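File shown: protein.pdb. Contents: PDB, C-alpha atoms, pLDDT in the B column.
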```pdb
ATOM      1  CA  GLY A 238      -8.502  15.179   3.290  1.00 59.00           C
ATOM      2  CA  GLN A 239      -4.794  14.586   3.087  1.00 63.00           C
ATOM      3  CA  GLN A 240      -3.622  13.800  -0.410  1.00 80.00           C
ATOM      4  CA  VAL A 241      -0.444  12.726  -2.073  1.00 90.00           C
ATOM      5  CA  MET A 242      -0.253  13.485  -5.787  1.00 94.00           C
ATOM      6  CA  GLN A 243       1.865  11.222  -7.939  1.00 96.00           C
ATOM      7  CA  ILE A 244       2.847  11.755 -11.572  1.00 96.00           C
ATOM      8  CA  PRO A 245       2.905  10.518 -14.228  1.00 97.00           C
ATOM      9  CA  GLN A 246       0.117   7.953 -14.056  1.00 94.00           C
ATOM     10  CA  TYR A 247       1.703   5.865 -16.810  1.00 96.00           C
ATOM     11  CA  GLN A 248       5.183   5.714 -18.305  1.00 97.00           C
ATOM     12  CA  HIS A 249       6.269   3.623 -21.265  1.00 97.00           C
ATOM     13  CA  VAL A 250      10.004   3.386 -21.865  1.00 97.00           C
ATOM     14  CA  GLN A 251      12.400   1.493 -24.051  1.00 98.00           C
ATOM     15  CA  GLU A 252      14.655  -0.871 -22.159  1.00 98.00           C
ATOM     16  CA  GLY A 253      17.789   1.027 -21.201  1.00 98.00           C
ATOM     17  CA  GLU A 254      16.065   4.386 -20.862  1.00 98.00           C
ATOM     18  CA  ASP A 255      15.743   6.154 -17.524  1.00 98.00           C
ATOM     19  CA  PHE A 256      12.481   6.574 -15.597  1.00 98.00           C
ATOM     20  CA  THR A 257      11.366   9.010 -12.926  1.00 98.00           C
ATOM     21  CA  THR A 258       8.176   9.253 -10.881  1.00 98.00           C
ATOM     22  CA  TYR A 259       7.300  12.210  -8.667  1.00 98.00           C
ATOM     23  CA  CYS A 260       5.280  12.537  -5.515  1.00 97.00           C
ATOM     24  CA  ASN A 261       3.958  15.861  -4.167  1.00 96.00           C
ATOM     25  CA  SER A 262       2.073  17.003  -1.101  1.00 94.00           C
ATOM     26  CA  SER A 263       0.685  20.373  -0.095  1.00 90.00           C
ATOM     27  CA  THR A 264       1.638  19.693   3.532  1.00 90.00           C
ATOM     28  CA  THR A 265       4.959  18.915   5.162  1.00 91.00           C
ATOM     29  CA  LEU A 266       5.519  15.214   5.487  1.00 90.00           C
ATOM     30  CA  SER A 267       7.057  13.356   8.383  1.00 88.00           C
ATOM     31  CA  ASN A 268       8.458  10.706   6.130  1.00 90.00           C
ATOM     32  CA  ILE A 269       7.817   9.112   2.778  1.00 93.00           C
ATOM     33  CA  GLN A 270       7.955   5.510   1.682  1.00 95.00           C
ATOM     34  CA  TRP A 271       8.144   3.907  -1.746  1.00 97.00           C
ATOM     35  CA  TYR A 272       6.582   0.612  -2.775  1.00 97.00           C
ATOM     36  CA  LYS A 273       6.628  -1.499  -5.935  1.00 98.00           C
ATOM     37  CA  GLN A 274       3.732  -3.670  -7.058  1.00 97.00           C
ATOM     38  CA  ARG A 275       4.389  -6.144  -9.840  1.00 96.00           C
ATOM     39  CA  PRO A 276       1.471  -7.012 -12.165  1.00 94.00           C
ATOM     40  CA  GLY A 277      -0.844  -9.373 -10.296  1.00 91.00           C
ATOM     41  CA  GLY A 278       1.146  -8.926  -7.107  1.00 94.00           C
ATOM     42  CA  HIS A 279       1.003  -6.902  -3.928  1.00 95.00           C
ATOM     43  CA  PRO A 280       2.914  -3.772  -2.844  1.00 96.00           C
ATOM     44  CA  VAL A 281       6.422  -4.443  -1.609  1.00 97.00           C
ATOM     45  CA  PHE A 282       8.274  -1.930   0.551  1.00 96.00           C
ATOM     46  CA  LEU A 283      11.354  -0.420  -1.080  1.00 97.00           C
ATOM     47  CA  ILE A 284      12.595   2.362   1.168  1.00 96.00           C
ATOM     48  CA  GLN A 285      11.754   5.108   3.660  1.00 94.00           C
ATOM     49  CA  LEU A 286      13.060   8.676   3.582  1.00 94.00           C
ATOM     50  CA  VAL A 287      12.907  10.813   6.701  1.00 92.00           C
ATOM     51  CA  LYS A 288      15.387  13.693   6.529  1.00 94.00           C
ATOM     52  CA  SER A 289      15.069  16.883   4.522  1.00 96.00           C
ATOM     53  CA  GLY A 290      17.057  16.589   1.271  1.00 97.00           C
ATOM     54  CA  GLU A 291      17.797  12.927   1.894  1.00 97.00           C
ATOM     55  CA  VAL A 292      19.061  10.830  -1.022  1.00 98.00           C
ATOM     56  CA  LYS A 293      19.231   7.052  -0.920  1.00 97.00           C
ATOM     57  CA  LYS A 294      20.338   4.572  -3.570  1.00 97.00           C
ATOM     58  CA  GLN A 295      19.501   0.943  -4.196  1.00 96.00           C
ATOM     59  CA  LYS A 296      21.504  -0.274  -7.193  1.00 97.00           C
ATOM     60  CA  ARG A 297      19.861   1.486 -10.175  1.00 98.00           C
ATOM     61  CA  LEU A 298      17.184   3.169  -8.034  1.00 98.00           C
ATOM     62  CA  THR A 299      17.710   6.639  -6.531  1.00 98.00           C
ATOM     63  CA  PHE A 300      15.236   8.078  -4.037  1.00 98.00           C
ATOM     64  CA  GLN A 301      15.111  11.743  -3.031  1.00 98.00           C
ATOM     65  CA  PHE A 302      13.205  13.680  -0.389  1.00 97.00           C
ATOM     66  CA  GLY A 303      12.773  17.396  -1.030  1.00 97.00           C
ATOM     67  CA  GLU A 304      14.319  20.056   1.146  1.00 96.00           C
ATOM     68  CA  ALA A 305      10.872  21.225   2.262  1.00 95.00           C
ATOM     69  CA  LYS A 306       9.754  17.625   2.837  1.00 94.00           C
ATOM     70  CA  LYS A 307       6.782  18.129   0.541  1.00 94.00           C
ATOM     71  CA  ASN A 308       7.961  16.151  -2.471  1.00 96.00           C
ATOM     72  CA  SER A 309       9.912  13.078  -3.384  1.00 97.00           C
ATOM     73  CA  SER A 310      11.121  11.270  -6.474  1.00 98.00           C
ATOM     74  CA  LEU A 311      12.180   7.816  -7.553  1.00 98.00           C
ATOM     75  CA  HIS A 312      14.602   7.566 -10.460  1.00 98.00           C
ATOM     76  CA  ILE A 313      15.546   4.335 -12.210  1.00 98.00           C
ATOM     77  CA  THR A 314      18.660   4.365 -14.376  1.00 98.00           C
ATOM     78  CA  ALA A 315      18.787   2.147 -17.463  1.00 98.00           C
ATOM     79  CA  THR A 316      15.476   0.368 -16.989  1.00 98.00           C
ATOM     80  CA  GLN A 317      15.199  -3.377 -17.394  1.00 98.00           C
ATOM     81  CA  THR A 318      12.135  -5.524 -18.087  1.00 97.00           C
ATOM     82  CA  THR A 319      12.255  -6.630 -14.449  1.00 97.00           C
ATOM     83  CA  ASP A 320      11.435  -3.052 -13.430  1.00 98.00           C
ATOM     84  CA  VAL A 321       7.905  -3.379 -14.824  1.00 98.00           C
ATOM     85  CA  GLY A 322       5.210  -2.652 -12.261  1.00 97.00           C
ATOM     86  CA  THR A 323       3.468   0.156 -10.429  1.00 97.00           C
ATOM     87  CA  TYR A 324       5.497   2.363  -8.118  1.00 98.00           C
ATOM     88  CA  PHE A 325       3.669   3.975  -5.205  1.00 97.00           C
ATOM     89  CA  CYS A 326       4.765   6.659  -2.830  1.00 96.00           C
ATOM     90  CA  ALA A 327       3.181   6.641   0.604  1.00 94.00           C
ATOM     91  CA  ALA A 328       3.380   9.497   3.038  1.00 90.00           C
ATOM     92  CA  SER A 329       2.991   9.787   6.759  1.00 78.00           C
ATOM     93  CA  MET A 330       2.077  12.984   8.555  1.00 68.00           C
ATOM     94  CA  ASN A 331       2.929  11.471  11.941  1.00 61.00           C
ATOM     95  CA  TYR A 332       6.053  12.677  13.700  1.00 53.00           C
ATOM     96  CA  GLY A 333       8.249  11.066  16.311  1.00 47.00           C
ATOM     97  CA  GLY A 334       9.489   8.346  13.990  1.00 44.00           C
ATOM     98  CA  SER A 335       6.170   6.535  13.841  1.00 48.00           C
ATOM     99  CA  GLN A 336       4.962   5.432  10.434  1.00 52.00           C
ATOM    100  CA  GLY A 337       1.426   6.158  11.428  1.00 60.00           C
ATOM    101  CA  ASN A 338      -1.251   5.683   8.833  1.00 73.00           C
ATOM    102  CA  LEU A 339       0.166   5.888   5.342  1.00 84.00           C
ATOM    103  CA  ILE A 340      -1.563   7.822   2.583  1.00 86.00           C
ATOM    104  CA  PHE A 341      -0.766   6.265  -0.777  1.00 91.00           C
ATOM    105  CA  GLY A 342      -0.415   8.041  -4.091  1.00 93.00           C
ATOM    106  CA  LYS A 343      -2.220   6.629  -7.131  1.00 93.00           C
ATOM    107  CA  GLY A 344       1.013   5.138  -8.404  1.00 95.00           C
ATOM    108  CA  THR A 345       2.963   5.294 -11.652  1.00 97.00           C
ATOM    109  CA  LYS A 346       2.601   2.265 -13.876  1.00 96.00           C
ATOM    110  CA  LEU A 347       5.861   1.542 -15.678  1.00 98.00           C
ATOM    111  CA  SER A 348       6.050  -0.576 -18.795  1.00 98.00           C
ATOM    112  CA  VAL A 349       9.376  -1.428 -20.410  1.00 97.00           C
ATOM    113  CA  LYS A 350       9.673  -2.421 -24.054  1.00 95.00           C
ATOM    114  CA  PRO A 351      12.525  -4.858 -24.689  1.00 93.00           C
TER     115      PRO A 351
ATOM    116  CA  GLU B 144       5.568 -15.860   1.365  1.00 66.00           C
ATOM    117  CA  THR B 145       5.740 -12.367   2.796  1.00 75.00           C
ATOM    118  CA  GLY B 146       5.017 -13.249   6.418  1.00 94.00           C
ATOM    119  CA  VAL B 147       1.475 -11.971   5.993  1.00 97.00           C
ATOM    120  CA  THR B 148      -0.959 -14.645   4.817  1.00 97.00           C
ATOM    121  CA  GLN B 149      -4.385 -13.850   3.442  1.00 98.00           C
ATOM    122  CA  THR B 150      -7.174 -16.299   2.693  1.00 97.00           C
ATOM    123  CA  PRO B 151      -8.948 -16.890   0.467  1.00 97.00           C
ATOM    124  CA  ARG B 152      -6.976 -15.642  -2.549  1.00 96.00           C
ATOM    125  CA  HIS B 153     -10.141 -15.325  -4.629  1.00 97.00           C
ATOM    126  CA  LEU B 154     -13.766 -14.970  -3.566  1.00 96.00           C
ATOM    127  CA  VAL B 155     -16.962 -14.657  -5.554  1.00 96.00           C
ATOM    128  CA  MET B 156     -20.041 -13.843  -3.535  1.00 93.00           C
ATOM    129  CA  GLY B 157     -23.609 -12.808  -4.112  1.00 91.00           C
ATOM    130  CA  MET B 158     -25.015  -9.610  -2.686  1.00 90.00           C
ATOM    131  CA  THR B 159     -26.958 -11.505  -0.026  1.00 89.00           C
ATOM    132  CA  ASN B 160     -24.054 -13.672   1.139  1.00 89.00           C
ATOM    133  CA  LYS B 161     -21.988 -13.358   4.296  1.00 94.00           C
ATOM    134  CA  LYS B 162     -18.295 -14.139   4.080  1.00 96.00           C
ATOM    135  CA  SER B 163     -15.095 -13.360   5.956  1.00 97.00           C
ATOM    136  CA  LEU B 164     -11.575 -12.534   4.835  1.00 98.00           C
ATOM    137  CA  LYS B 165      -8.740 -13.714   7.026  1.00 98.00           C
ATOM    138  CA  CYS B 166      -5.275 -12.282   7.572  1.00 98.00           C
ATOM    139  CA  GLU B 167      -2.491 -13.716   9.701  1.00 97.00           C
ATOM    140  CA  GLN B 168       0.943 -12.222  10.266  1.00 96.00           C
ATOM    141  CA  HIS B 169       3.979 -14.127  11.518  1.00 93.00           C
ATOM    142  CA  LEU B 170       6.287 -11.134  11.906  1.00 94.00           C
ATOM    143  CA  GLY B 171       5.562 -10.089  15.475  1.00 92.00           C
ATOM    144  CA  HIS B 172       4.221  -6.734  14.283  1.00 92.00           C
ATOM    145  CA  ASN B 173       1.979  -4.664  16.512  1.00 89.00           C
ATOM    146  CA  ALA B 174      -0.201  -2.961  13.892  1.00 91.00           C
ATOM    147  CA  MET B 175      -2.442  -4.405  11.189  1.00 92.00           C
ATOM    148  CA  TYR B 176      -4.398  -2.766   8.393  1.00 93.00           C
ATOM    149  CA  TRP B 177      -7.062  -3.427   5.782  1.00 95.00           C
ATOM    150  CA  TYR B 178      -6.697  -1.638   2.446  1.00 94.00           C
ATOM    151  CA  LYS B 179      -8.973  -1.699  -0.595  1.00 95.00           C
ATOM    152  CA  GLN B 180      -7.405  -1.488  -4.060  1.00 95.00           C
ATOM    153  CA  SER B 181      -9.694  -0.737  -6.988  1.00 93.00           C
ATOM    154  CA  ALA B 182      -8.819  -0.018 -10.590  1.00 84.00           C
ATOM    155  CA  LYS B 183      -7.843   3.606 -11.164  1.00 72.00           C
ATOM    156  CA  LYS B 184      -7.996   4.475  -7.458  1.00 79.00           C
ATOM    157  CA  PRO B 185      -5.240   4.764  -4.898  1.00 80.00           C
ATOM    158  CA  LEU B 186      -4.938   2.264  -2.108  1.00 90.00           C
ATOM    159  CA  GLU B 187      -7.718   3.156   0.317  1.00 90.00           C
ATOM    160  CA  LEU B 188      -7.115   2.662   4.015  1.00 89.00           C
ATOM    161  CA  MET B 189     -10.154   1.008   5.595  1.00 92.00           C
ATOM    162  CA  PHE B 190      -9.248  -0.015   9.135  1.00 91.00           C
ATOM    163  CA  VAL B 191      -6.251   0.202  11.448  1.00 89.00           C
ATOM    164  CA  TYR B 192      -5.530  -1.841  14.549  1.00 89.00           C
ATOM    165  CA  ASN B 193      -2.700  -0.955  16.905  1.00 84.00           C
ATOM    166  CA  PHE B 194      -2.101  -3.462  19.695  1.00 73.00           C
ATOM    167  CA  LYS B 195      -5.484  -5.016  18.886  1.00 63.00           C
ATOM    168  CA  GLU B 196      -7.310  -1.735  19.369  1.00 68.00           C
ATOM    169  CA  GLN B 197      -9.071  -0.218  16.391  1.00 68.00           C
ATOM    170  CA  THR B 198      -7.679   3.254  15.928  1.00 67.00           C
ATOM    171  CA  GLU B 199      -9.168   4.259  12.611  1.00 66.00           C
ATOM    172  CA  ASN B 200     -12.275   3.631  10.568  1.00 67.00           C
ATOM    173  CA  ASN B 201     -12.149   5.683   7.415  1.00 67.00           C
ATOM    174  CA  SER B 202     -15.894   6.110   6.892  1.00 82.00           C
ATOM    175  CA  VAL B 203     -16.211   2.550   5.731  1.00 91.00           C
ATOM    176  CA  PRO B 204     -19.778   1.316   5.169  1.00 93.00           C
ATOM    177  CA  SER B 205     -21.145  -0.892   7.925  1.00 93.00           C
ATOM    178  CA  ARG B 206     -21.402  -3.836   5.529  1.00 95.00           C
ATOM    179  CA  PHE B 207     -17.670  -4.202   6.240  1.00 96.00           C
ATOM    180  CA  SER B 208     -16.933  -5.257   9.809  1.00 94.00           C
ATOM    181  CA  PRO B 209     -13.383  -5.817  11.079  1.00 94.00           C
ATOM    182  CA  GLU B 210     -12.315  -8.054  13.905  1.00 94.00           C
ATOM    183  CA  CYS B 211      -8.899  -8.348  15.545  1.00 93.00           C
ATOM    184  CA  PRO B 212      -8.904 -11.107  18.177  1.00 92.00           C
ATOM    185  CA  ASN B 213      -5.150 -10.834  18.794  1.00 90.00           C
ATOM    186  CA  SER B 214      -2.130  -9.051  17.392  1.00 88.00           C
ATOM    187  CA  SER B 215      -1.500 -11.782  14.798  1.00 94.00           C
ATOM    188  CA  HIS B 216      -4.947 -12.179  13.292  1.00 96.00           C
ATOM    189  CA  LEU B 217      -7.280  -9.830  11.480  1.00 96.00           C
ATOM    190  CA  PHE B 218     -10.617 -10.525   9.871  1.00 97.00           C
ATOM    191  CA  LEU B 219     -12.902  -8.583   7.592  1.00 97.00           C
ATOM    192  CA  HIS B 220     -16.504  -9.721   7.768  1.00 97.00           C
ATOM    193  CA  LEU B 221     -18.594  -8.997   4.699  1.00 96.00           C
ATOM    194  CA  HIS B 222     -22.372  -8.926   4.350  1.00 94.00           C
ATOM    195  CA  THR B 223     -24.844  -7.575   1.801  1.00 94.00           C
ATOM    196  CA  LEU B 224     -22.097  -6.196  -0.387  1.00 94.00           C
ATOM    197  CA  GLN B 225     -22.626  -4.239  -3.593  1.00 94.00           C
ATOM    198  CA  PRO B 226     -21.015  -4.883  -7.000  1.00 94.00           C
ATOM    199  CA  GLU B 227     -18.902  -1.733  -6.553  1.00 93.00           C
ATOM    200  CA  ASP B 228     -17.252  -3.431  -3.574  1.00 95.00           C
ATOM    201  CA  SER B 229     -15.483  -5.762  -6.003  1.00 96.00           C
ATOM    202  CA  ALA B 230     -11.770  -5.079  -5.540  1.00 96.00           C
ATOM    203  CA  LEU B 231      -8.499  -6.447  -4.227  1.00 97.00           C
ATOM    204  CA  TYR B 232      -8.505  -6.377  -0.428  1.00 98.00           C
ATOM    205  CA  LEU B 233      -5.040  -6.151   1.038  1.00 97.00           C
ATOM    206  CA  CYS B 234      -3.993  -6.798   4.584  1.00 97.00           C
ATOM    207  CA  ALA B 235      -0.772  -5.274   5.882  1.00 95.00           C
ATOM    208  CA  SER B 236       1.172  -5.252   9.105  1.00 94.00           C
ATOM    209  CA  SER B 237       3.904  -3.049  10.535  1.00 91.00           C
ATOM    210  CA  GLN B 238       5.988  -2.529  13.614  1.00 88.00           C
ATOM    211  CA  GLU B 239       5.439   0.911  15.078  1.00 76.00           C
ATOM    212  CA  ASP B 240       8.848   1.449  16.614  1.00 70.00           C
ATOM    213  CA  GLY B 241      10.333   4.245  14.566  1.00 61.00           C
ATOM    214  CA  LEU B 242      12.671   2.053  12.523  1.00 67.00           C
ATOM    215  CA  GLY B 243      10.681   2.714   9.381  1.00 73.00           C
ATOM    216  CA  LEU B 244      10.749  -0.729   7.888  1.00 82.00           C
ATOM    217  CA  GLY B 245       7.519  -0.162   6.035  1.00 91.00           C
ATOM    218  CA  TYR B 246       4.361  -2.133   5.735  1.00 93.00           C
ATOM    219  CA  THR B 247       4.384  -5.807   4.827  1.00 95.00           C
ATOM    220  CA  PHE B 248       1.444  -6.646   2.612  1.00 97.00           C
ATOM    221  CA  GLY B 249      -0.250  -9.955   2.093  1.00 97.00           C
ATOM    222  CA  SER B 250      -1.033 -11.251  -1.385  1.00 96.00           C
ATOM    223  CA  GLY B 251      -4.586  -9.996  -1.118  1.00 97.00           C
ATOM    224  CA  THR B 252      -8.058 -11.400  -1.662  1.00 97.00           C
ATOM    225  CA  ARG B 253      -9.554 -10.693  -5.070  1.00 96.00           C
ATOM    226  CA  LEU B 254     -13.261 -10.181  -4.308  1.00 97.00           C
ATOM    227  CA  THR B 255     -15.979 -10.228  -6.935  1.00 96.00           C
ATOM    228  CA  VAL B 256     -19.537  -9.369  -5.915  1.00 95.00           C
ATOM    229  CA  VAL B 257     -22.190 -10.615  -8.321  1.00 93.00           C
TER     230      VAL B 257
END
```

Represent the structure contained in this file as structure tokens.
Amino acid sequence: GQQVMQIPQYQHVQEGEDFTTYCNSSTTLSNIQWYKQRPGGHPVFLIQLVKSGEVKKQKRLTFQFGEAKKNSSLHITATQTTDVGTYFCAASMNYGGSQGNLIFGKGTKLSVKP
Amino acid sequence: ETGVTQTPRHLVMGMTNKKSLKCEQHLGHNAMYWYKQSAKKPLELMFVYNFKEQTENNSVPSRFSPECPNSSHLFLHLHTLQPEDSALYLCASSQEDGLGLGYTFGSGTRLTVV
């Protein structure tokens, strides 16, 4: 079935260091979404990328969609303890702007040492 | 509150019990979903309802039975579950209009089958 591979599974950083998680698919994606789940919480929508090569920023977070629309990354600059959680990418194969049914990656669990 | 309310938050049930999980969304969305989240596994899509019509059943065992009486309410009826069904069950809703505002998840029901 359709799969979205996400790496790394875990990342431990010192506060202030940067962090990047990657999402890859063997098929071309219609769009990709990113979610954050705090420990004990539920996934919260961060952003959606639709266009080839698209780059979006939210404060210290930078999201990229690959030119071939088969991969994406989330980069956090100068991590803070509030960034702790699991970051999921979720991909849709549906076109026409519809989100369709999202396929979630396994997530990258980020821990930040103060 | 996210706009998607799930009850109960925690549930412990025996393998011979029958119980139901409830989800209610106050966002005016037209699609609702059940996801299962287990340790070390990605979020697994179980059921999808678009405009109250079930559009997907991802090979979910018949001991899980969904019900969507209207576009705001979603239930998951449980009977004769197995211990491996213990997991966090997440309800989500979305608006399928091409704006790409992501899924809104509820806080989940933490289910333990004993």

>> Give me the residues near stretch 342-349 of chain A as a ChimeraX atom specification, where near means some atom within 9 Å (using only C-alpha atoms) and where sequence neighbours in that chain fewer than 3 positions away do not count.
In response: /A:240-254,256,258-261,316-328 /B:183-186

>> Going by the chain IDs and residue numbers used in this file, which residues fall under the PyMOL selection byres ((chain B and resi 151) around 12)? Write them as a list in words.
In response: Thr148, Gln149, Thr150, Arg152, His153, Leu154, Val155, Lys162, Ser163, Leu164, Lys165, Cys166, Glu167, Phe218, Leu219, Leu231, Tyr232, Leu233, Cys234, Gly249, Ser250, Gly251, Thr252, Arg253 and Leu254 of chain B

> Taking into account only C-alpha atoms, which residue in the set A:Ile269, A:Ala315, A:Ser289, A:Ser263 is nearest to A:Pro351?
Replying inline: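 Among A:Ile269, A:Ala315, A:Ser289, A:Ser263, it is A:Ala315 that comes nearest to A:Pro351.
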
> Using all atoms listed in the file, which residues sit within 7 Å of B:His222 once same-chain residues fewer than 5 positions away are excluded, as a list in words?
Replying inline: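 The neighbour list is Thr159, Asn160, Lys161, Lys162, Arg206 and Phe207 of chain B.
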
>> As an exercise, work out the distance from atom CA of B:Thr145 to atom CA of B:Tyr178 in Å and give it to one decimal place.
In response: 16.4 Å

>> Neighbouring residues of A:Lys288 were defined as those with any atom within 9 Å, considering all atoms listed in the file; residues of the same chain fewer than 5 positions away were excluded. Please report them as a list of chain:residue names.
In response: A:Ser267, A:Asn268, A:Phe302, A:Gly303, A:Glu304, A:Lys306

>> Suppose a student applies the PyMOL selection byres ((chain A) within 10 of (chain B)) to this structure; what residues should they get, written as a PyMOL selection string?
In response: chain A and resi 241+246+268-272+277-287+325+327+332-344

> Which of these residues is nearest to B:Thr255, using only C-alpha atoms: B:Leu221, B:Ala230, B:Val147, B:Leu170?
Replying inline: B:Ala230

> Expressed in Å to a single decimal, how great is the separation between atom CA of B:Asn213 and atom CA of B:Trp177?
Replying inline: 15.1 Å

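The space between atom CA of B:Leu217 and atom CA of B:Ser202 spans 18.7 Å.
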
>> For a quick check of understanding, using all atoms listed in the file, which of B:Val257, B:Tyr192, B:Cys211, B:His169 has the smallest distance to B:Glu227?
In response: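 Checking each candidate against B:Glu227, we get B:Val257 as the closest.
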